[in-house]
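Asker: Structure incoming, see below.
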Amino acid sequence: MPIFTLICQERLISSERSRISSLLSTFMNQNMQYPLTEKIGEPALFVGREKEFNSFNKWLANIPKRLSKSRVIIARRKSGKTAFVQRIFNQLWSENGAVIPFYFEFGENKMWYPNLAIKYYRIFASQYIAFLTRTPKLIKHPLSLEQIREFGVSEAITPLIDDVEFLIQNKEVGGSHDLMWDLACSAPHRFADLYDQRFLVILDEFQYITYYIYRNENCEGKPDDTLAGSYHSLSESKLAPMLVTGSYANWLLKIMSKYFEAGRLKHIRFSPYLTKDEGLQAVYQYAQFYEEPITNDTALQINELCMADPFFISCVILSEYEEKDLTSSEGVINTVNYEISVETAEMCQNWATYIELTVARVNNLNAKQILLYLSKHNDRYFTPQKLKDELHLDLETNEIYQQLVILKEADLIQQGISDIQFRGLQDGTLNLVLRNRFEEEIKTVAPNFKKEFAEEIAKLTHKNRQ
Ligand SMILES: Nc1ncnc2c1ncn2[C@@H]1O[C@H](COP(=O)(O)OP(=O)(O)O)[C@@H](O)[C@H]1O
Ligand SMILES: [Mg+2]
């Protein structure tokens, strides 16, 4: 009997065993392997997310029993989504249980439709074969179509041979590209069904599928914005449930409401912020790995000013600020201030792209003023009329409403339960970034972050002494 069939049977019996091993491996980090190179870099830098792992581990344990519904994580850029889902991939790999992980990231580069189908299939098949044969290098370096076919021949896996031949023939003869894509994206579900296996299909930054894929070979004209629809029924698969992420809430929600029926993807809350304790752990971890001197007091201060935002923390510890000194309060304040307000700082640069993309659509002063005001008073909801009164805006209420809708669509503010209520995002980092960007332009005075940071640190010191 070919090894492949044996492996499949072995896996079936092992579903219960895998549940136990899943629990065990959570406690036995030393057994973790990292065939998927994580974007975070050194794996030990990853901290926390305990609550999220608890919830996800239960969900993963139910996949073999076909009880797990597809999930979606929507959280703004740099909130730790990739770090989290890549860790789930490596966790499943290390457990070597009944759930085979597949990770695919939709990139921010233009691509011709059939090339996407081939890329997707190659990565899927390589990760699948890697898992079955325990060959980590195939995760790092996917097999070519020909190599996949060879594997199919040697292990007598006819569907692999058929799929590859279909992809090669159709690309060469310019045949039906729709069918190529259909074959690629349905592969995890089809294989799961044929061999009674289970997959987890992780699709990172899913919204880009509607923006960067072209039907035109030279990627000219308009992108095909309908591709997300291919997942319409696949998202319901209990054999190969999906774990989707997206950084642009409105964009992704629109895609979901257009192409997936309500409730097909269960929306999971995911905060960009770690808990206070996890944040502190991140400070120590980054400082240790990057050999950056800190003290117990400044560790607390960094965590406080960065609001336990792991990306913010990493930017401060790795900051290029020339006079960086993270062993004194003043040094911490200056470095945090540098990261938030100097254009070339890592933190600022990363946010600049996000802000450019979203705020470009909001390029009038009134809208910026509204945005800033809502961000500052993010504990209250506002109607257009209330904003008009409080900000003395020289606009009709319906014009204010239109600006509010644009801001909402750009994920910069939230809409309340009633249609005319709006509120700023309760996202401390984003609010700091926005204030840095607009406060001077609107109020003609630049924000004095250093003073505010010093006050926060004084409060923290006072609290710790009590
Ligand atoms: N749990 C975590 N522990 C430590 N650092 C983290 C964690 N989550 C995120 N980070 C830091 O934040 C950065 C951005 O995270 P990432 O997962 O790429 O965000 P997203 O995918 O949401 O844009 C990471 O490169 C890492 O430096
Ligand atoms: Mg990401």
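Labels used: A, B, ... for chains in the order of the structure tokens, numbers from 1 for residues in each chain, and numbers from 1 for ligands as shown.
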Please extract the residues at most 8 Å from ligand 2, counting only C-alpha atoms and all ligand atoms, and provide them as a VMD selection string, using the chain letters and residue numbers of this document.

Answerer: chain A and resid 77 to 83 204 to 205 246 to 247

Asker: As a ChimeraX atom specification, please: every residue in segment 382-425 of chain A that a backbone DSSP assignment puts in alpha helix (DSSP H).

Answerer: /A:384-391,397-409

Asker: With only C-alpha atoms and all ligand atoms counted, collect every polymer residue having an atom within 10 Å of ligand 1; state the result as a ChimeraX atom specification.

Answerer: /A:38-50,73-87,204-205,245-247,270-274,278-279,281-283,285-286,309-315,318,350

Asker: Got a sec: who's within 9 Å of segment 381-386 of chain A, counting only C-alpha atoms, leaving out chain neighbours fewer than 3 positions off, as a PyMOL selection string?

Answerer: chain A and resi 374+377-378+389-391+396-401+404+415-416+420-424

Asker: Could you take the residues named above and write them with N, CA, C and O atoms, as a PDB file, in the first residue's frame?

Answerer:
```
ATOM      1  N   LEU A 374     -13.308  63.739  16.980  1.00  0.00           N
ATOM      2  CA  LEU A 374     -13.904  62.453  17.372  1.00  0.00           C
ATOM      3  C   LEU A 374     -12.864  61.536  18.023  1.00  0.00           C
ATOM      4  O   LEU A 374     -13.160  60.821  18.971  1.00  0.00           O
ATOM      5  N   HIS A 377     -12.247  62.760  21.584  1.00  0.00           N
ATOM      6  CA  HIS A 377     -13.366  62.531  22.505  1.00  0.00           C
ATOM      7  C   HIS A 377     -14.012  61.189  22.175  1.00  0.00           C
ATOM      8  O   HIS A 377     -15.204  61.108  21.903  1.00  0.00           O
ATOM      9  N   ASN A 378     -13.186  60.157  22.187  1.00  0.00           N
ATOM     10  CA  ASN A 378     -13.679  58.872  21.676  1.00  0.00           C
ATOM     11  C   ASN A 378     -14.542  58.091  22.668  1.00  0.00           C
ATOM     12  O   ASN A 378     -14.831  56.929  22.464  1.00  0.00           O
ATOM     13  N   ASP A 389     -22.453  72.158  16.126  1.00  0.00           N
ATOM     14  CA  ASP A 389     -22.512  73.096  17.249  1.00  0.00           C
ATOM     15  C   ASP A 389     -21.185  73.194  17.987  1.00  0.00           C
ATOM     16  O   ASP A 389     -20.683  74.277  18.247  1.00  0.00           O
ATOM     17  N   GLU A 390     -20.595  72.029  18.280  1.00  0.00           N
ATOM     18  CA  GLU A 390     -19.391  72.062  19.122  1.00  0.00           C
ATOM     19  C   GLU A 390     -18.159  72.565  18.375  1.00  0.00           C
ATOM     20  O   GLU A 390     -17.277  73.173  18.948  1.00  0.00           O
ATOM     21  N   LEU A 391     -18.120  72.283  17.075  1.00  0.00           N
ATOM     22  CA  LEU A 391     -16.926  72.694  16.305  1.00  0.00           C
ATOM     23  C   LEU A 391     -17.153  73.978  15.525  1.00  0.00           C
ATOM     24  O   LEU A 391     -16.239  74.448  14.830  1.00  0.00           O
ATOM     25  N   GLU A 396     -23.446  72.500   6.168  1.00  0.00           N
ATOM     26  CA  GLU A 396     -24.810  72.022   6.471  1.00  0.00           C
ATOM     27  C   GLU A 396     -24.687  70.646   7.152  1.00  0.00           C
ATOM     28  O   GLU A 396     -23.702  69.932   6.909  1.00  0.00           O
ATOM     29  N   THR A 397     -25.710  70.275   7.929  1.00  0.00           N
ATOM     30  CA  THR A 397     -25.596  68.972   8.616  1.00  0.00           C
ATOM     31  C   THR A 397     -25.490  67.813   7.632  1.00  0.00           C
ATOM     32  O   THR A 397     -24.800  66.835   7.899  1.00  0.00           O
ATOM     33  N   ASN A 398     -26.150  67.930   6.474  1.00  0.00           N
ATOM     34  CA  ASN A 398     -26.036  66.792   5.537  1.00  0.00           C
ATOM     35  C   ASN A 398     -24.628  66.698   4.944  1.00  0.00           C
ATOM     36  O   ASN A 398     -24.138  65.615   4.641  1.00  0.00           O
ATOM     37  N   GLU A 399     -23.947  67.852   4.834  1.00  0.00           N
ATOM     38  CA  GLU A 399     -22.548  67.812   4.357  1.00  0.00           C
ATOM     39  C   GLU A 399     -21.655  67.163   5.419  1.00  0.00           C
ATOM     40  O   GLU A 399     -20.752  66.382   5.105  1.00  0.00           O
ATOM     41  N   ILE A 400     -21.929  67.496   6.673  1.00  0.00           N
ATOM     42  CA  ILE A 400     -21.156  66.874   7.763  1.00  0.00           C
ATOM     43  C   ILE A 400     -21.401  65.367   7.759  1.00  0.00           C
ATOM     44  O   ILE A 400     -20.470  64.571   7.895  1.00  0.00           O
ATOM     45  N   TYR A 401     -22.646  64.994   7.548  1.00  0.00           N
ATOM     46  CA  TYR A 401     -23.002  63.568   7.507  1.00  0.00           C
ATOM     47  C   TYR A 401     -22.196  62.853   6.415  1.00  0.00           C
ATOM     48  O   TYR A 401     -21.641  61.768   6.639  1.00  0.00           O
ATOM     49  N   LEU A 404     -18.762  62.265   7.481  1.00  0.00           N
ATOM     50  CA  LEU A 404     -18.728  61.203   8.495  1.00  0.00           C
ATOM     51  C   LEU A 404     -18.792  59.819   7.838  1.00  0.00           C
ATOM     52  O   LEU A 404     -18.091  58.890   8.245  1.00  0.00           O
ATOM     53  N   GLN A 415     -19.579  53.880  13.348  1.00  0.00           N
ATOM     54  CA  GLN A 415     -20.962  54.336  13.351  1.00  0.00           C
ATOM     55  C   GLN A 415     -21.679  53.685  14.533  1.00  0.00           C
ATOM     56  O   GLN A 415     -21.399  52.544  14.878  1.00  0.00           O
ATOM     57  N   GLY A 416     -22.592  54.440  15.130  1.00  0.00           N
ATOM     58  CA  GLY A 416     -23.326  53.896  16.269  1.00  0.00           C
ATOM     59  C   GLY A 416     -24.494  53.042  15.816  1.00  0.00           C
ATOM     60  O   GLY A 416     -24.640  52.746  14.620  1.00  0.00           O
ATOM     61  N   ILE A 420     -27.150  58.032  12.536  1.00  0.00           N
ATOM     62  CA  ILE A 420     -26.537  59.363  12.567  1.00  0.00           C
ATOM     63  C   ILE A 420     -25.603  59.575  13.762  1.00  0.00           C
ATOM     64  O   ILE A 420     -25.179  60.685  14.039  1.00  0.00           O
ATOM     65  N   GLN A 421     -25.298  58.495  14.445  1.00  0.00           N
ATOM     66  CA  GLN A 421     -24.385  58.607  15.587  1.00  0.00           C
ATOM     67  C   GLN A 421     -22.988  58.095  15.179  1.00  0.00           C
ATOM     68  O   GLN A 421     -22.875  57.013  14.620  1.00  0.00           O
ATOM     69  N   PHE A 422     -21.971  58.882  15.492  1.00  0.00           N
ATOM     70  CA  PHE A 422     -20.609  58.462  15.145  1.00  0.00           C
ATOM     71  C   PHE A 422     -19.679  58.665  16.335  1.00  0.00           C
ATOM     72  O   PHE A 422     -19.892  59.560  17.146  1.00  0.00           O
ATOM     73  N   ARG A 423     -18.646  57.821  16.375  1.00  0.00           N
ATOM     74  CA  ARG A 423     -17.698  57.917  17.480  1.00  0.00           C
ATOM     75  C   ARG A 423     -16.278  57.668  16.972  1.00  0.00           C
ATOM     76  O   ARG A 423     -16.081  56.910  16.024  1.00  0.00           O
ATOM     77  N   GLY A 424     -15.302  58.286  17.621  1.00  0.00           N
ATOM     78  CA  GLY A 424     -13.905  58.038  17.251  1.00  0.00           C
ATOM     79  C   GLY A 424     -13.513  56.621  17.648  1.00  0.00           C
ATOM     80  O   GLY A 424     -14.159  56.009  18.491  1.00  0.00           O
TER      81      GLY A 424
END
```

Asker: Using atom CA of Phe56 of chain A and atom CA of Leu239 of chain A as the two end points, give the distance in Å to one decimal.

Answerer: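 Computing it gives 16.7 Å between the two atoms.
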
Asker: Using only C-alpha atoms, pick whichever of A:Val332, A:Thr344, A:Ala287, A:Thr226 has the shortest atom-to-atom distance to Ile317 of chain A.

Answerer: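 Comparing A:Val332, A:Thr344, A:Ala287, A:Thr226 against Ile317 of chain A, the winner is A:Ala287.
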
Asker: Can you check which parts of segment 123-144 of chain A lie within 12 Å of segment 89-93 of chain A? Per residue, the shortest pair of atoms and distance in Å to one decimal, counting only C-alpha atoms, sorted by chain and number, as a Markdown table.

Answerer:
```
| residue | atom | partner | partner_atom | distance |
| --- | --- | --- | --- | --- |
| A:Gln127 | CA | A:Trp93 | CA | 9.9 |
| A:Tyr128 | CA | A:Trp93 | CA | 10.5 |
| A:Ala130 | CA | A:Trp93 | CA | 9.6 |
| A:Phe131 | CA | A:Trp93 | CA | 6.9 |
| A:Leu132 | CA | A:Trp93 | CA | 10.0 |
| A:Thr133 | CA | A:Trp93 | CA | 11.5 |
| A:Arg134 | CA | A:Trp93 | CA | 8.9 |
| A:Thr135 | CA | A:Trp93 | CA | 10.7 |
| A:Pro136 | CA | A:Trp93 | CA | 9.3 |
| A:Ile139 | CA | A:Trp93 | CA | 10.7 |
```
